[in-house]
Structures are given as C-alpha cells and as structure tokens.
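Undergrad: Structure provided below as structure tokens; questions to follow.
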Amino acid sequence: HNLDQDIFEHITHLQELYLDNNPFQIIHTSVLNAFSDLPQLQVLDLTRCELSELPDDIFHPLRALKTLYMGGNLFKSIPKALKYARNVREVVLDENPIEDLSEKNAFPPMPNLERLNLTFIGSLRAIRKGAFAGLEKLNELRLSHNHHLSYIDPSAFTFTEKDNSDILLWPPIKKLYLNN
C-alpha cells in the first residue's frame with residue numbers, strides 16, 4: 001500500500017521501476033519523496049494499482065521519465081498530474097473507466113508524447129473537440145477494443161499554431177488503431 005520514503009536513496013541510478021499490481025489506492029507523501037531519489041527513472045509501471053487519482057506533482061521530480069504505464073486503474077478522467085510528465089514519450093491508460101474525452105477532460109500539454117494507448121475502455125463513448133490538442137508530437141494512437149466508442153470529433157486532435165491562432169495544425173499521426 002505504500003513505500004518508505006528512503007527506499008531508493010542508495011539506488012539513484014534506477015532506470016525502470018515496476019510497481020504494477022500493488023494495491024496502493026492512494027499515492028502517499030512517502031511515495032512522492034521516494035520518487036525524488038530517482039532522477040534517472042525512465043520507465044514507471046503503475047498498472048493495476050487501484051488508483052483513481054494522482055497527486056498533482058507526482059511526476060515533477062521524474063524529469064527523465066519516458067514511458068508511463070497506468071492501465072487497469074480506476075481513472076475516470078485524465079490525470080491532471082500528466083502536466084508534469086513533460087518528457088514522457090509513451091503513456092498507456094488502457095482499461096480505465098474513462099467515459100469521454102473533451103476539452104474539460106483533455107490531455108494536458110505533453111510536448112514529447114509520441115505514443116498513446118487507450119484500449120479496452122468499455123465505458124469510453126466519445127472523443128470530443130480538443131481532447132488531444134496538447135499532444136503535438138503524437139504519431140501513434142491505439143483506440144482499439146473500445147466497444148462503446150461511437151463518436152470522434154473532427155477537431156479532437158487540432159491545435160493552433162503558436163504564432164498564429166487562426167491556423168489549425170494536426171499531430172503527425174502515422175499509426176492509428178481503431179480495430180474492434
């Protein structure tokens with residue numbers, strides 16, 4: 001359910017941490033303190049940890065983080081904490097009870113995110129305008145096995161050019177999975 005805040009103090013070169021299938025339910029302050037000893041962490045697996053929310057600053061000390069697994073949790077909305085996961089290139093949020101994605105429940109700006117998995121989300125019904133607007137480098141999106149997904153807004157991916165807000169741009173998506 002928890003980690004001692006000093007657990008990683010002598011292994012600061014750790015690059016991958018798999019905490020999947022531990023019933024954390026809540027990320028306590030001691031876990032946040034433990035993460036601050038991991039400046040080189042590149043992969044973090046929080047799959048099936050019974051999490052429904054994350055502390056806003058959980059990813060703040062993890063500047064080297066590239067891959068984040070958070071599937072099989074209880075997130076009904078996109079965790080706001082992702083705003084500090086600025087260098088992350090891959091996020092997996094499969095099997096979370098997210099109902100829709102919209103400007104109110106959108107991904108925060110993640111300037112380096114390239115791959116996103118949102119599969120096997122039985123409750124996902126719609127992806128609305130602006131849901132992916134903060135993902136300017138997205139090139140692979142997996143939305144497969146979302147049996148109730150019936151609507152994707154044409155503006156779900158668009159964002160405005162930095163110098164001219166009248167110009168709409170799209171991410172360089174090369175792979176899009178909408179199967180099943």
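For the structure tokens, the naming scheme is as follows: chains receive sequential letters (A, B, ...) according to their order of presentation, residues are indexed from 1 within each chain, and ligands are indexed from 1 in presentation order.
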Output as a tab-separated table one row per residue of region 52-89 of chain A within 12 Å of region 107-116 of chain A: the closest atom pair and its distance in Å to one decimal place, counting only C-alpha atoms, sorted by chain and residue number ascending.

TA:
```
residue	atom	partner	partner_atom	distance
A:Ala64	CA	A:Asn112	CA	11.8
A:Leu65	CA	A:Asn112	CA	11.0
A:Lys66	CA	A:Leu113	CA	8.7
A:Thr67	CA	A:Arg115	CA	9.3
A:Leu68	CA	A:Leu116	CA	9.9
A:Tyr69	CA	A:Leu116	CA	10.2
A:Met70	CA	A:Leu116	CA	11.3
A:Gly71	CA	A:Leu116	CA	11.4
A:Ser77	CA	A:Phe107	CA	9.5
A:Ile78	CA	A:Phe107	CA	6.3
A:Pro79	CA	A:Phe107	CA	8.1
A:Lys80	CA	A:Pro108	CA	7.0
A:Ala81	CA	A:Pro108	CA	8.7
A:Leu82	CA	A:Pro108	CA	6.6
A:Lys83	CA	A:Pro108	CA	5.3
A:Tyr84	CA	A:Met110	CA	8.3
A:Ala85	CA	A:Met110	CA	6.9
A:Arg86	CA	A:Met110	CA	5.2
A:Asn87	CA	A:Asn112	CA	5.5
A:Val88	CA	A:Leu113	CA	5.7
A:Arg89	CA	A:Leu113	CA	4.0
```

Undergrad: Produce a file of the selected residues containing N, CA and C atoms, as a PDB file, in the first residue's frame.

TA:
```pdb
ATOM      1  N   ALA A  64      13.477  12.482 -16.268  1.00  0.00           N
ATOM      2  CA  ALA A  64      13.971  11.566 -17.302  1.00  0.00           C
ATOM      3  C   ALA A  64      12.910  10.552 -17.738  1.00  0.00           C
ATOM      4  N   LEU A  65      11.734  10.592 -17.134  1.00  0.00           N
ATOM      5  CA  LEU A  65      10.685   9.610 -17.409  1.00  0.00           C
ATOM      6  C   LEU A  65      10.263   9.655 -18.880  1.00  0.00           C
ATOM      7  N   LYS A  66      10.297   8.482 -19.525  1.00  0.00           N
ATOM      8  CA  LYS A  66       9.935   8.375 -20.947  1.00  0.00           C
ATOM      9  C   LYS A  66       8.691   7.526 -21.174  1.00  0.00           C
ATOM     10  N   THR A  67       8.478   6.507 -20.321  1.00  0.00           N
ATOM     11  CA  THR A  67       7.367   5.574 -20.510  1.00  0.00           C
ATOM     12  C   THR A  67       6.591   5.450 -19.209  1.00  0.00           C
ATOM     13  N   LEU A  68       5.273   5.555 -19.331  1.00  0.00           N
ATOM     14  CA  LEU A  68       4.405   5.541 -18.164  1.00  0.00           C
ATOM     15  C   LEU A  68       3.240   4.591 -18.411  1.00  0.00           C
ATOM     16  N   TYR A  69       3.167   3.545 -17.611  1.00  0.00           N
ATOM     17  CA  TYR A  69       2.092   2.565 -17.700  1.00  0.00           C
ATOM     18  C   TYR A  69       1.123   2.797 -16.545  1.00  0.00           C
ATOM     19  N   MET A  70      -0.141   3.071 -16.871  1.00  0.00           N
ATOM     20  CA  MET A  70      -1.152   3.295 -15.832  1.00  0.00           C
ATOM     21  C   MET A  70      -2.458   2.594 -16.170  1.00  0.00           C
ATOM     22  N   GLY A  71      -2.391   1.519 -16.919  1.00  0.00           N
ATOM     23  CA  GLY A  71      -3.585   0.778 -17.295  1.00  0.00           C
ATOM     24  C   GLY A  71      -4.203   0.037 -16.121  1.00  0.00           C
ATOM     25  N   SER A  77     -11.116  10.169 -15.299  1.00  0.00           N
ATOM     26  CA  SER A  77     -10.685  11.298 -16.109  1.00  0.00           C
ATOM     27  C   SER A  77      -9.170  11.222 -16.293  1.00  0.00           C
ATOM     28  N   ILE A  78      -8.677  12.017 -17.215  1.00  0.00           N
ATOM     29  CA  ILE A  78      -7.244  12.048 -17.478  1.00  0.00           C
ATOM     30  C   ILE A  78      -6.555  12.685 -16.273  1.00  0.00           C
ATOM     31  N   PRO A  79      -5.582  12.012 -15.679  1.00  0.00           N
ATOM     32  CA  PRO A  79      -4.914  12.577 -14.501  1.00  0.00           C
ATOM     33  C   PRO A  79      -4.260  13.928 -14.806  1.00  0.00           C
ATOM     34  N   LYS A  80      -4.606  14.930 -14.036  1.00  0.00           N
ATOM     35  CA  LYS A  80      -4.039  16.276 -14.201  1.00  0.00           C
ATOM     36  C   LYS A  80      -2.529  16.267 -13.977  1.00  0.00           C
ATOM     37  N   ALA A  81      -2.043  15.288 -13.216  1.00  0.00           N
ATOM     38  CA  ALA A  81      -0.612  15.181 -12.924  1.00  0.00           C
ATOM     39  C   ALA A  81       0.230  15.008 -14.181  1.00  0.00           C
ATOM     40  N   LEU A  82      -0.376  14.587 -15.284  1.00  0.00           N
ATOM     41  CA  LEU A  82       0.382  14.408 -16.525  1.00  0.00           C
ATOM     42  C   LEU A  82       0.996  15.712 -17.020  1.00  0.00           C
ATOM     43  N   LYS A  83       0.515  16.842 -16.530  1.00  0.00           N
ATOM     44  CA  LYS A  83       1.086  18.125 -16.966  1.00  0.00           C
ATOM     45  C   LYS A  83       2.566  18.234 -16.591  1.00  0.00           C
ATOM     46  N   TYR A  84       3.011  17.478 -15.581  1.00  0.00           N
ATOM     47  CA  TYR A  84       4.418  17.478 -15.191  1.00  0.00           C
ATOM     48  C   TYR A  84       5.215  16.355 -15.847  1.00  0.00           C
ATOM     49  N   ALA A  85       4.575  15.540 -16.637  1.00  0.00           N
ATOM     50  CA  ALA A  85       5.256  14.452 -17.345  1.00  0.00           C
ATOM     51  C   ALA A  85       5.657  14.950 -18.729  1.00  0.00           C
ATOM     52  N   ARG A  86       6.363  16.042 -18.756  1.00  0.00           N
ATOM     53  CA  ARG A  86       6.645  16.771 -19.995  1.00  0.00           C
ATOM     54  C   ARG A  86       7.584  16.049 -20.951  1.00  0.00           C
ATOM     55  N   ASN A  87       8.424  15.141 -20.451  1.00  0.00           N
ATOM     56  CA  ASN A  87       9.359  14.435 -21.320  1.00  0.00           C
ATOM     57  C   ASN A  87       8.899  13.032 -21.678  1.00  0.00           C
ATOM     58  N   VAL A  88       7.744  12.641 -21.191  1.00  0.00           N
ATOM     59  CA  VAL A  88       7.221  11.298 -21.456  1.00  0.00           C
ATOM     60  C   VAL A  88       6.893  11.152 -22.940  1.00  0.00           C
ATOM     61  N   ARG A  89       7.298  10.006 -23.484  1.00  0.00           N
ATOM     62  CA  ARG A  89       7.049   9.717 -24.902  1.00  0.00           C
ATOM     63  C   ARG A  89       5.938   8.705 -25.121  1.00  0.00           C
TER      64      ARG A  89
END
```

Undergrad: Write out as a PyMOL selection string each polymer residue whose atoms come within 12 Å of Leu51 (chain A), counting only C-alpha atoms; drop sequence neighbours fewer than 5 positions from it.

TA: chain A and resi 1+20-28+46+70-77+79+93+96-97

Undergrad: May I have the residues from that selection written out with N, CA, C and O atoms, as a PDB file, in the first residue's frame?

TA:
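Listed below is the output, out08.pdb:
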```pdb
ATOM      1  N   HIS A   1       0.803  -1.214   0.000  1.00  0.00           N
ATOM      2  CA  HIS A   1       0.000   0.000   0.000  1.00  0.00           C
ATOM      3  C   HIS A   1       0.841   1.272   0.000  1.00  0.00           C
ATOM      4  O   HIS A   1       0.332   2.345  -0.253  1.00  0.00           O
ATOM      5  N   ASP A  20       3.509  -2.421 -10.596  1.00  0.00           N
ATOM      6  CA  ASP A  20       2.208  -2.924 -11.028  1.00  0.00           C
ATOM      7  C   ASP A  20       1.654  -3.988 -10.081  1.00  0.00           C
ATOM      8  O   ASP A  20       2.397  -4.704  -9.425  1.00  0.00           O
ATOM      9  N   ASN A  21       0.329  -4.022 -10.019  1.00  0.00           N
ATOM     10  CA  ASN A  21      -0.426  -4.987  -9.222  1.00  0.00           C
ATOM     11  C   ASN A  21      -0.202  -4.882  -7.713  1.00  0.00           C
ATOM     12  O   ASN A  21      -0.357  -5.860  -6.992  1.00  0.00           O
ATOM     13  N   ASN A  22       0.176  -3.719  -7.245  1.00  0.00           N
ATOM     14  CA  ASN A  22       0.241  -3.427  -5.813  1.00  0.00           C
ATOM     15  C   ASN A  22      -0.950  -2.531  -5.483  1.00  0.00           C
ATOM     16  O   ASN A  22      -1.184  -1.545  -6.171  1.00  0.00           O
ATOM     17  N   PRO A  23      -1.703  -2.843  -4.452  1.00  0.00           N
ATOM     18  CA  PRO A  23      -2.936  -2.087  -4.151  1.00  0.00           C
ATOM     19  C   PRO A  23      -2.670  -0.760  -3.428  1.00  0.00           C
ATOM     20  O   PRO A  23      -3.074  -0.566  -2.294  1.00  0.00           O
ATOM     21  N   PHE A  24      -2.005   0.156  -4.103  1.00  0.00           N
ATOM     22  CA  PHE A  24      -1.702   1.447  -3.479  1.00  0.00           C
ATOM     23  C   PHE A  24      -2.971   2.219  -3.123  1.00  0.00           C
ATOM     24  O   PHE A  24      -3.074   2.799  -2.066  1.00  0.00           O
ATOM     25  N   GLN A  25      -3.909   2.273  -4.031  1.00  0.00           N
ATOM     26  CA  GLN A  25      -5.147   3.042  -3.910  1.00  0.00           C
ATOM     27  C   GLN A  25      -4.890   4.543  -3.820  1.00  0.00           C
ATOM     28  O   GLN A  25      -5.549   5.320  -4.484  1.00  0.00           O
ATOM     29  N   ILE A  26      -3.948   4.954  -2.993  1.00  0.00           N
ATOM     30  CA  ILE A  26      -3.581   6.363  -2.834  1.00  0.00           C
ATOM     31  C   ILE A  26      -2.064   6.450  -2.860  1.00  0.00           C
ATOM     32  O   ILE A  26      -1.379   5.630  -2.259  1.00  0.00           O
ATOM     33  N   ILE A  27      -1.554   7.454  -3.550  1.00  0.00           N
ATOM     34  CA  ILE A  27      -0.113   7.698  -3.525  1.00  0.00           C
ATOM     35  C   ILE A  27       0.173   8.633  -2.358  1.00  0.00           C
ATOM     36  O   ILE A  27      -0.195   9.807  -2.370  1.00  0.00           O
ATOM     37  N   HIS A  28       0.816   8.099  -1.330  1.00  0.00           N
ATOM     38  CA  HIS A  28       1.107   8.864  -0.127  1.00  0.00           C
ATOM     39  C   HIS A  28       2.340   9.749  -0.318  1.00  0.00           C
ATOM     40  O   HIS A  28       3.138   9.545  -1.233  1.00  0.00           O
ATOM     41  N   LEU A  46       2.665   1.695 -13.131  1.00  0.00           N
ATOM     42  CA  LEU A  46       1.659   1.785 -12.066  1.00  0.00           C
ATOM     43  C   LEU A  46       0.378   1.064 -12.488  1.00  0.00           C
ATOM     44  O   LEU A  46      -0.719   1.425 -12.090  1.00  0.00           O
ATOM     45  N   MET A  70      -0.141   3.071 -16.871  1.00  0.00           N
ATOM     46  CA  MET A  70      -1.152   3.295 -15.832  1.00  0.00           C
ATOM     47  C   MET A  70      -2.458   2.594 -16.170  1.00  0.00           C
ATOM     48  O   MET A  70      -3.530   3.011 -15.744  1.00  0.00           O
ATOM     49  N   GLY A  71      -2.391   1.519 -16.919  1.00  0.00           N
ATOM     50  CA  GLY A  71      -3.585   0.778 -17.295  1.00  0.00           C
ATOM     51  C   GLY A  71      -4.203   0.037 -16.121  1.00  0.00           C
ATOM     52  O   GLY A  71      -3.566  -0.212 -15.096  1.00  0.00           O
ATOM     53  N   GLY A  72      -5.475  -0.319 -16.276  1.00  0.00           N
ATOM     54  CA  GLY A  72      -6.157  -1.149 -15.295  1.00  0.00           C
ATOM     55  C   GLY A  72      -6.381  -0.489 -13.949  1.00  0.00           C
ATOM     56  O   GLY A  72      -6.533  -1.177 -12.949  1.00  0.00           O
ATOM     57  N   ASN A  73      -6.406   0.819 -13.907  1.00  0.00           N
ATOM     58  CA  ASN A  73      -6.682   1.530 -12.667  1.00  0.00           C
ATOM     59  C   ASN A  73      -8.126   2.009 -12.654  1.00  0.00           C
ATOM     60  O   ASN A  73      -8.969   1.471 -13.375  1.00  0.00           O
ATOM     61  N   LEU A  74      -8.434   3.000 -11.878  1.00  0.00           N
ATOM     62  CA  LEU A  74      -9.810   3.471 -11.706  1.00  0.00           C
ATOM     63  C   LEU A  74      -9.974   4.929 -12.135  1.00  0.00           C
ATOM     64  O   LEU A  74     -10.858   5.637 -11.639  1.00  0.00           O
ATOM     65  N   PHE A  75      -9.140   5.388 -13.066  1.00  0.00           N
ATOM     66  CA  PHE A  75      -9.205   6.776 -13.528  1.00  0.00           C
ATOM     67  C   PHE A  75     -10.465   6.995 -14.369  1.00  0.00           C
ATOM     68  O   PHE A  75     -10.636   6.359 -15.397  1.00  0.00           O
ATOM     69  N   LYS A  76     -11.319   7.914 -13.930  1.00  0.00           N
ATOM     70  CA  LYS A  76     -12.500   8.286 -14.704  1.00  0.00           C
ATOM     71  C   LYS A  76     -12.205   9.479 -15.604  1.00  0.00           C
ATOM     72  O   LYS A  76     -12.950   9.776 -16.518  1.00  0.00           O
ATOM     73  N   SER A  77     -11.116  10.169 -15.299  1.00  0.00           N
ATOM     74  CA  SER A  77     -10.685  11.298 -16.109  1.00  0.00           C
ATOM     75  C   SER A  77      -9.170  11.222 -16.293  1.00  0.00           C
ATOM     76  O   SER A  77      -8.487  10.480 -15.595  1.00  0.00           O
ATOM     77  N   PRO A  79      -5.582  12.012 -15.679  1.00  0.00           N
ATOM     78  CA  PRO A  79      -4.914  12.577 -14.501  1.00  0.00           C
ATOM     79  C   PRO A  79      -4.260  13.928 -14.806  1.00  0.00           C
ATOM     80  O   PRO A  79      -3.466  14.050 -15.742  1.00  0.00           O
ATOM     81  N   LEU A  93      -2.964   4.026 -20.866  1.00  0.00           N
ATOM     82  CA  LEU A  93      -4.095   4.202 -19.942  1.00  0.00           C
ATOM     83  C   LEU A  93      -5.201   3.191 -20.245  1.00  0.00           C
ATOM     84  O   LEU A  93      -6.374   3.444 -19.983  1.00  0.00           O
ATOM     85  N   ASN A  96      -9.190   1.715 -18.136  1.00  0.00           N
ATOM     86  CA  ASN A  96      -9.623   2.650 -17.089  1.00  0.00           C
ATOM     87  C   ASN A  96     -11.061   3.059 -17.405  1.00  0.00           C
ATOM     88  O   ASN A  96     -11.443   3.119 -18.575  1.00  0.00           O
ATOM     89  N   PRO A  97     -11.890   3.372 -16.415  1.00  0.00           N
ATOM     90  CA  PRO A  97     -13.306   3.688 -16.666  1.00  0.00           C
ATOM     91  C   PRO A  97     -13.566   5.125 -17.138  1.00  0.00           C
ATOM     92  O   PRO A  97     -14.429   5.823 -16.622  1.00  0.00           O
TER      93      PRO A  97
END
```

Undergrad: Apply DSSP to the structure's backbone, then extract all residues of region 5-102 of chain A labelled alpha helix (DSSP H) and return them as a list in words.

TA: Thr29, Ser30, Val31, Leu32, Asn33, Ala34 and Phe35 of chain A

Undergrad: Please, which residues of chain A, numbered as in this document, come out strand (DSSP E) from DSSP, as a ChimeraX atom specification?

TA: /A:16-18,43-45,67-69,90-92,100-101,115-117,126-127,140-142,151-152,159-160,168-169,175-177

Undergrad: Quick one: contact table of region 54-151 of chain A to region 161-168 of chain A, 12 Å max, nearest atom pair and distance in Å to one decimal per residue, counting only C-alpha atoms, chain and number order, as CSV?

TA:
```
residue,atom,partner,partner_atom,distance
A:Gly130,CA,A:Leu168,CA,11.6
A:Ala133,CA,A:Leu168,CA,10.3
A:Gly134,CA,A:Glu161,CA,11.7
A:Glu136,CA,A:Glu161,CA,10.2
```

Undergrad: I need the chosen residues saved as a short mmCIF file (atom, residue, chain, number, x, y, z; two decimals), in the first residue's frame, with N, CA, C and O atoms.

TA:
```cif
data_model
loop_
_atom_site.label_atom_id
_atom_site.label_comp_id
_atom_site.auth_asym_id
_atom_site.auth_seq_id
_atom_site.Cartn_x
_atom_site.Cartn_y
_atom_site.Cartn_z
N GLY A 130 -10.85 19.01 -28.96
CA GLY A 130 -9.74 19.40 -28.10
C GLY A 130 -9.20 18.34 -27.17
O GLY A 130 -8.29 18.61 -26.39
N ALA A 133 -5.56 17.98 -28.05
CA ALA A 133 -4.94 19.21 -28.55
C ALA A 133 -3.55 19.46 -27.98
O ALA A 133 -2.73 20.11 -28.61
N GLY A 134 -3.26 18.95 -26.80
CA GLY A 134 -1.95 19.17 -26.18
C GLY A 134 -0.89 18.17 -26.58
O GLY A 134 0.20 18.16 -26.02
N GLU A 136 1.07 17.49 -29.51
CA GLU A 136 1.52 17.95 -30.81
C GLU A 136 2.46 17.00 -31.55
O GLU A 136 2.62 17.10 -32.75
#
```

Undergrad: CA of His60 (chain A) and CA of His10 (chain A), how far apart in Å?

TA: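 We find that CA of His10 (chain A) and CA of His60 (chain A) lie 20.2 Å from each other.
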
Undergrad: Which residue, A:Ala126, A:Ile7, A:Leu54, A:Leu17, has the smallest gap to Asp37 (chain A) when you use only C-alpha atoms?

TA: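 Closest residue, counting only C-alpha atoms: A:Ile7.
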
Undergrad: Could you check which of A:Ser36, A:Gln5, A:Thr12, A:Ser30 is closest to Pro61 (chain A), using only C-alpha atoms?

TA: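 For Pro61 (chain A), the nearest of the candidates is A:Ser36.
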
Undergrad: Using only C-alpha atoms, can you tell me which of A:Val92, A:Asn105, A:Ile98, A:Ile127 comes closest to Arg142 (chain A)?

TA: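 Counting only C-alpha atoms, the residue closest to Arg142 (chain A) is A:Val92.
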
Undergrad: Between CA of Gln15 (chain A) and CA of Glu53 (chain A), what is the distance in Å, rounded to a tenth?

TA: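 Interatomic distance, CA of Gln15 (chain A) to CA of Glu53 (chain A): 24.0 Å.
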
Undergrad: Please provide the set of residues having any atom within 8 Å of His147 (chain A), restricted to only C-alpha atoms, with same-chain residues fewer than 6 positions apart removed, written as a list in words.

TA: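 Near His147 (chain A), the qualifying residues are Phe120, Ile121, Gly122 and Asn180 of chain A.
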
Undergrad: So that I can see what lies close to Pro172 (chain A), please list as a list in words the residues with an atom at most 9 Å from it, counting only C-alpha atoms and leaving out residues fewer than 5 positions away in the same chain.

TA: Glu136, Lys137, Leu138, Asn139 and Glu140 of chain A

Undergrad: CA of Lys175 (chain A) and CA of Leu62 (chain A) are how many Å apart?

TA: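 It comes out at 27.7 Å.
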